[in-house]
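J.: Below you'll find model_25.cif; it's mmCIF, C-alpha atoms, pLDDT in the B column; chains and numbers go by the auth columns.
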data_query
loop_
_atom_site.group_PDB
_atom_site.id
_atom_site.type_symbol
_atom_site.label_atom_id
_atom_site.label_comp_id
_atom_site.label_asym_id
_atom_site.label_seq_id
_atom_site.Cartn_x
_atom_site.Cartn_y
_atom_site.Cartn_z
_atom_site.B_iso_or_equiv
_atom_site.auth_seq_id
_atom_site.auth_asym_id
ATOM 1 C CA MET A 1 67.725 40.213 0.081 58.00 4 A
ATOM 2 C CA TRP A 2 63.938 40.153 0.490 51.00 5 A
ATOM 3 C CA ARG A 3 63.765 43.840 -0.505 58.00 6 A
ATOM 4 C CA THR A 4 65.510 43.050 -3.784 55.00 7 A
ATOM 5 C CA VAL A 5 63.084 40.213 -4.495 46.00 8 A
ATOM 6 C CA LEU A 6 60.086 42.381 -3.591 43.00 9 A
ATOM 7 C CA THR A 7 61.365 45.234 -5.774 51.00 10 A
ATOM 8 C CA GLY A 8 61.867 42.817 -8.651 51.00 11 A
ATOM 9 C CA VAL A 9 58.336 41.429 -8.298 47.00 12 A
ATOM 10 C CA LEU A 10 56.850 44.931 -8.150 51.00 13 A
ATOM 11 C CA LEU A 11 58.780 46.050 -11.257 52.00 14 A
ATOM 12 C CA LEU A 12 57.672 42.912 -13.082 55.00 15 A
ATOM 13 C CA ALA A 13 54.030 43.557 -12.151 55.00 16 A
ATOM 14 C CA LEU A 14 54.326 47.192 -13.255 49.00 17 A
ATOM 15 C CA GLY A 15 55.852 46.167 -16.576 53.00 18 A
ATOM 16 C CA PHE A 16 53.091 43.627 -17.145 48.00 19 A
ATOM 17 C CA SER A 17 50.345 46.164 -16.373 49.00 20 A
ATOM 18 C CA LEU A 18 51.902 48.717 -18.746 47.00 21 A
ATOM 19 C CA GLY A 19 52.047 46.057 -21.441 49.00 22 A
ATOM 20 C CA VAL A 20 48.372 45.241 -20.944 48.00 23 A
ATOM 21 C CA CYS A 21 47.456 48.946 -21.185 50.00 24 A
ATOM 22 C CA ALA A 22 49.490 49.282 -24.372 54.00 25 A
ATOM 23 C CA GLU A 23 47.576 46.408 -25.984 67.00 26 A
ATOM 24 C CA THR A 24 44.091 47.367 -24.811 81.00 27 A
ATOM 25 C CA GLY A 25 44.281 51.096 -25.528 90.00 28 A
ATOM 26 C CA TRP A 26 43.231 54.212 -23.688 92.00 29 A
ATOM 27 C CA THR A 27 39.706 55.517 -23.007 94.00 30 A
ATOM 28 C CA LEU A 28 38.473 58.930 -21.903 94.00 31 A
ATOM 29 C CA THR A 29 34.879 59.863 -21.101 96.00 32 A
ATOM 30 C CA ALA A 30 34.272 63.601 -20.768 96.00 33 A
ATOM 31 C CA PRO A 31 32.018 66.430 -21.962 97.00 34 A
ATOM 32 C CA LEU A 32 32.680 67.900 -25.410 97.00 35 A
ATOM 33 C CA SER A 33 32.907 71.696 -25.479 97.00 36 A
ATOM 34 C CA ALA A 34 33.970 74.572 -27.705 97.00 37 A
ATOM 35 C CA THR A 35 33.204 78.237 -28.167 97.00 38 A
ATOM 36 C CA ASP A 36 31.476 79.209 -31.429 97.00 39 A
ATOM 37 C CA GLN A 37 34.773 80.429 -32.888 97.00 40 A
ATOM 38 C CA GLU A 38 36.652 77.278 -31.811 97.00 41 A
ATOM 39 C CA ALA A 39 33.950 75.041 -33.294 97.00 42 A
ATOM 40 C CA ASP A 40 33.990 77.032 -36.553 97.00 43 A
ATOM 41 C CA GLU A 41 37.766 76.494 -36.763 97.00 44 A
ATOM 42 C CA GLY A 42 37.523 72.786 -35.854 96.00 45 A
ATOM 43 C CA TYR A 43 38.885 72.864 -32.283 97.00 46 A
ATOM 44 C CA PHE A 44 36.963 70.902 -29.638 97.00 47 A
ATOM 45 C CA ALA A 45 37.852 70.218 -25.999 97.00 48 A
ATOM 46 C CA LEU A 46 37.132 66.806 -24.544 95.00 49 A
ATOM 47 C CA GLY A 47 37.334 67.376 -20.820 94.00 50 A
ATOM 48 C CA GLN A 48 40.061 69.656 -19.507 94.00 51 A
ATOM 49 C CA ASP A 49 43.133 67.893 -20.902 92.00 52 A
ATOM 50 C CA THR A 50 42.270 66.713 -24.418 94.00 53 A
ATOM 51 C CA MET A 51 41.824 68.672 -27.638 95.00 54 A
ATOM 52 C CA VAL A 52 40.272 67.161 -30.764 95.00 55 A
ATOM 53 C CA VAL A 53 40.952 68.918 -34.076 96.00 56 A
ATOM 54 C CA ALA A 54 38.801 68.282 -37.144 96.00 57 A
ATOM 55 C CA LYS A 55 39.011 69.785 -40.613 97.00 58 A
ATOM 56 C CA PRO A 56 36.118 72.266 -40.969 97.00 59 A
ATOM 57 C CA GLY A 57 33.403 70.835 -43.202 96.00 60 A
ATOM 58 C CA SER A 58 34.528 67.215 -42.770 97.00 61 A
ATOM 59 C CA GLN A 59 32.168 64.489 -41.543 97.00 62 A
ATOM 60 C CA LEU A 60 33.989 64.421 -38.199 96.00 63 A
ATOM 61 C CA HIS A 61 33.645 68.202 -37.844 97.00 64 A
ATOM 62 C CA VAL A 62 29.890 68.062 -38.523 97.00 65 A
ATOM 63 C CA TRP A 63 29.486 65.170 -36.075 97.00 66 A
ATOM 64 C CA LEU A 64 31.456 66.906 -33.312 97.00 67 A
ATOM 65 C CA ARG A 65 29.473 70.148 -33.753 97.00 68 A
ATOM 66 C CA SER A 66 26.219 68.227 -33.449 97.00 69 A
ATOM 67 C CA HIS A 67 27.366 66.637 -30.167 97.00 70 A
ATOM 68 C CA LEU A 68 28.626 69.760 -28.355 97.00 71 A
ATOM 69 C CA GLY A 69 27.690 69.724 -24.669 97.00 72 A
ATOM 70 C CA GLN A 70 27.272 65.940 -24.549 97.00 73 A
ATOM 71 C CA ARG A 71 29.499 63.456 -22.727 97.00 74 A
ATOM 72 C CA LEU A 72 31.550 61.472 -25.218 96.00 75 A
ATOM 73 C CA LYS A 73 33.712 58.397 -24.895 96.00 76 A
ATOM 74 C CA LEU A 74 36.976 58.487 -26.850 94.00 77 A
ATOM 75 C CA THR A 75 38.990 55.278 -27.195 94.00 78 A
ATOM 76 C CA ILE A 76 42.453 55.081 -28.728 93.00 79 A
ATOM 77 C CA ALA A 77 43.686 51.555 -29.340 93.00 80 A
ATOM 78 C CA PRO A 78 46.276 49.875 -31.530 89.00 81 A
ATOM 79 C CA ASP A 79 45.160 48.408 -34.845 85.00 82 A
ATOM 80 C CA THR A 80 45.081 44.648 -34.357 82.00 83 A
ATOM 81 C CA THR A 81 44.390 43.681 -37.975 81.00 84 A
ATOM 82 C CA GLU A 82 47.023 41.807 -39.925 73.00 85 A
ATOM 83 C CA SER A 83 47.546 44.323 -42.735 68.00 86 A
ATOM 84 C CA HIS A 84 48.894 47.742 -41.743 58.00 87 A
ATOM 85 C CA ASN A 85 49.076 50.167 -44.641 60.00 88 A
#
With the file now loaded, output its structure as structure tokens.
T.:
Amino acid sequence: MWRTVLTGVLLLALGFSLGVCAETGWTLTAPLSATDQEADEGYFALGQDTMVVAKPGSQLHVWLRSHLGQRLKLTIAPDTTESHN
């Protein structure tokens, strides 16, 4: 009986923590890197597991190229404004 209650409490806590993460977003801090060819084509690695793709010539592409070799902080979070287009 106590194992069932404990399992239920643990699952409830896990569900709550996942809900909090879903509302607050996800953040990664890692170095930005790319070879010359990758950067020319708009492919940038953020750490070992994340790839950022930018259209060559765009403002994002220019910004990423100018920050190669630096540690960046990337945050992905839900839009909390009222109007969603």
J.: For the structure shown, which residues end up in the PyMOL selection byres ((chain A and resi 53-59) around 12)? Put them as a PyMOL selection string, please?
T.: chain A and resi 30-37+40-52+60-68+75-77
J.: What does the file look like for those residues with C-alpha atoms, as a PDB file, in the frame of the given file?
T.:
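selection_29.pdb, freshly written:
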ATOM      1  CA  THR A  30      39.706  55.517 -23.007  1.00 94.00           C
ATOM      2  CA  LEU A  31      38.473  58.930 -21.903  1.00 94.00           C
ATOM      3  CA  THR A  32      34.879  59.863 -21.101  1.00 96.00           C
ATOM      4  CA  ALA A  33      34.272  63.601 -20.768  1.00 96.00           C
ATOM      5  CA  PRO A  34      32.018  66.430 -21.962  1.00 97.00           C
ATOM      6  CA  LEU A  35      32.680  67.900 -25.410  1.00 97.00           C
ATOM      7  CA  SER A  36      32.907  71.696 -25.479  1.00 97.00           C
ATOM      8  CA  ALA A  37      33.970  74.572 -27.705  1.00 97.00           C
ATOM      9  CA  GLN A  40      34.773  80.429 -32.888  1.00 97.00           C
ATOM     10  CA  GLU A  41      36.652  77.278 -31.811  1.00 97.00           C
ATOM     11  CA  ALA A  42      33.950  75.041 -33.294  1.00 97.00           C
ATOM     12  CA  ASP A  43      33.990  77.032 -36.553  1.00 97.00           C
ATOM     13  CA  GLU A  44      37.766  76.494 -36.763  1.00 97.00           C
ATOM     14  CA  GLY A  45      37.523  72.786 -35.854  1.00 96.00           C
ATOM     15  CA  TYR A  46      38.885  72.864 -32.283  1.00 97.00           C
ATOM     16  CA  PHE A  47      36.963  70.902 -29.638  1.00 97.00           C
ATOM     17  CA  ALA A  48      37.852  70.218 -25.999  1.00 97.00           C
ATOM     18  CA  LEU A  49      37.132  66.806 -24.544  1.00 95.00           C
ATOM     19  CA  GLY A  50      37.334  67.376 -20.820  1.00 94.00           C
ATOM     20  CA  GLN A  51      40.061  69.656 -19.507  1.00 94.00           C
ATOM     21  CA  ASP A  52      43.133  67.893 -20.902  1.00 92.00           C
ATOM     22  CA  GLY A  60      33.403  70.835 -43.202  1.00 96.00           C
ATOM     23  CA  SER A  61      34.528  67.215 -42.770  1.00 97.00           C
ATOM     24  CA  GLN A  62      32.168  64.489 -41.543  1.00 97.00           C
ATOM     25  CA  LEU A  63      33.989  64.421 -38.199  1.00 96.00           C
ATOM     26  CA  HIS A  64      33.645  68.202 -37.844  1.00 97.00           C
ATOM     27  CA  VAL A  65      29.890  68.062 -38.523  1.00 97.00           C
ATOM     28  CA  TRP A  66      29.486  65.170 -36.075  1.00 97.00           C
ATOM     29  CA  LEU A  67      31.456  66.906 -33.312  1.00 97.00           C
ATOM     30  CA  ARG A  68      29.473  70.148 -33.753  1.00 97.00           C
ATOM     31  CA  LEU A  75      31.550  61.472 -25.218  1.00 96.00           C
ATOM     32  CA  LYS A  76      33.712  58.397 -24.895  1.00 96.00           C
ATOM     33  CA  LEU A  77      36.976  58.487 -26.850  1.00 94.00           C
TER      34      LEU A  77
END
J.: Any chance you could work out the residue set of the PyMOL selection byres ((chain A and resi 80) around 9) here, as a PDB file with C-alpha atoms, keeping the file's coordinate frame?
T.:
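Contents of the output file expr34.pdb:
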ATOM      1  CA  ALA A  25      49.490  49.282 -24.372  1.00 54.00           C
ATOM      2  CA  GLU A  26      47.576  46.408 -25.984  1.00 67.00           C
ATOM      3  CA  THR A  27      44.091  47.367 -24.811  1.00 81.00           C
ATOM      4  CA  GLY A  28      44.281  51.096 -25.528  1.00 90.00           C
ATOM      5  CA  TRP A  29      43.231  54.212 -23.688  1.00 92.00           C
ATOM      6  CA  THR A  30      39.706  55.517 -23.007  1.00 94.00           C
ATOM      7  CA  THR A  78      38.990  55.278 -27.195  1.00 94.00           C
ATOM      8  CA  ILE A  79      42.453  55.081 -28.728  1.00 93.00           C
ATOM      9  CA  PRO A  81      46.276  49.875 -31.530  1.00 89.00           C
ATOM     10  CA  ASP A  82      45.160  48.408 -34.845  1.00 85.00           C
ATOM     11  CA  THR A  83      45.081  44.648 -34.357  1.00 82.00           C
TER      12      THR A  83
END
J.: Listed atoms of range 32-46 of chain A, axis-aligned box, 5 Å per side: centre and edge lengths to one decimal in Å, as lines of an AutoDock Vina configuration file?
T.:
center_x = 35.2
center_y = 70.1
center_z = -28.8
size_x = 17.4
size_y = 30.6
size_z = 26.0
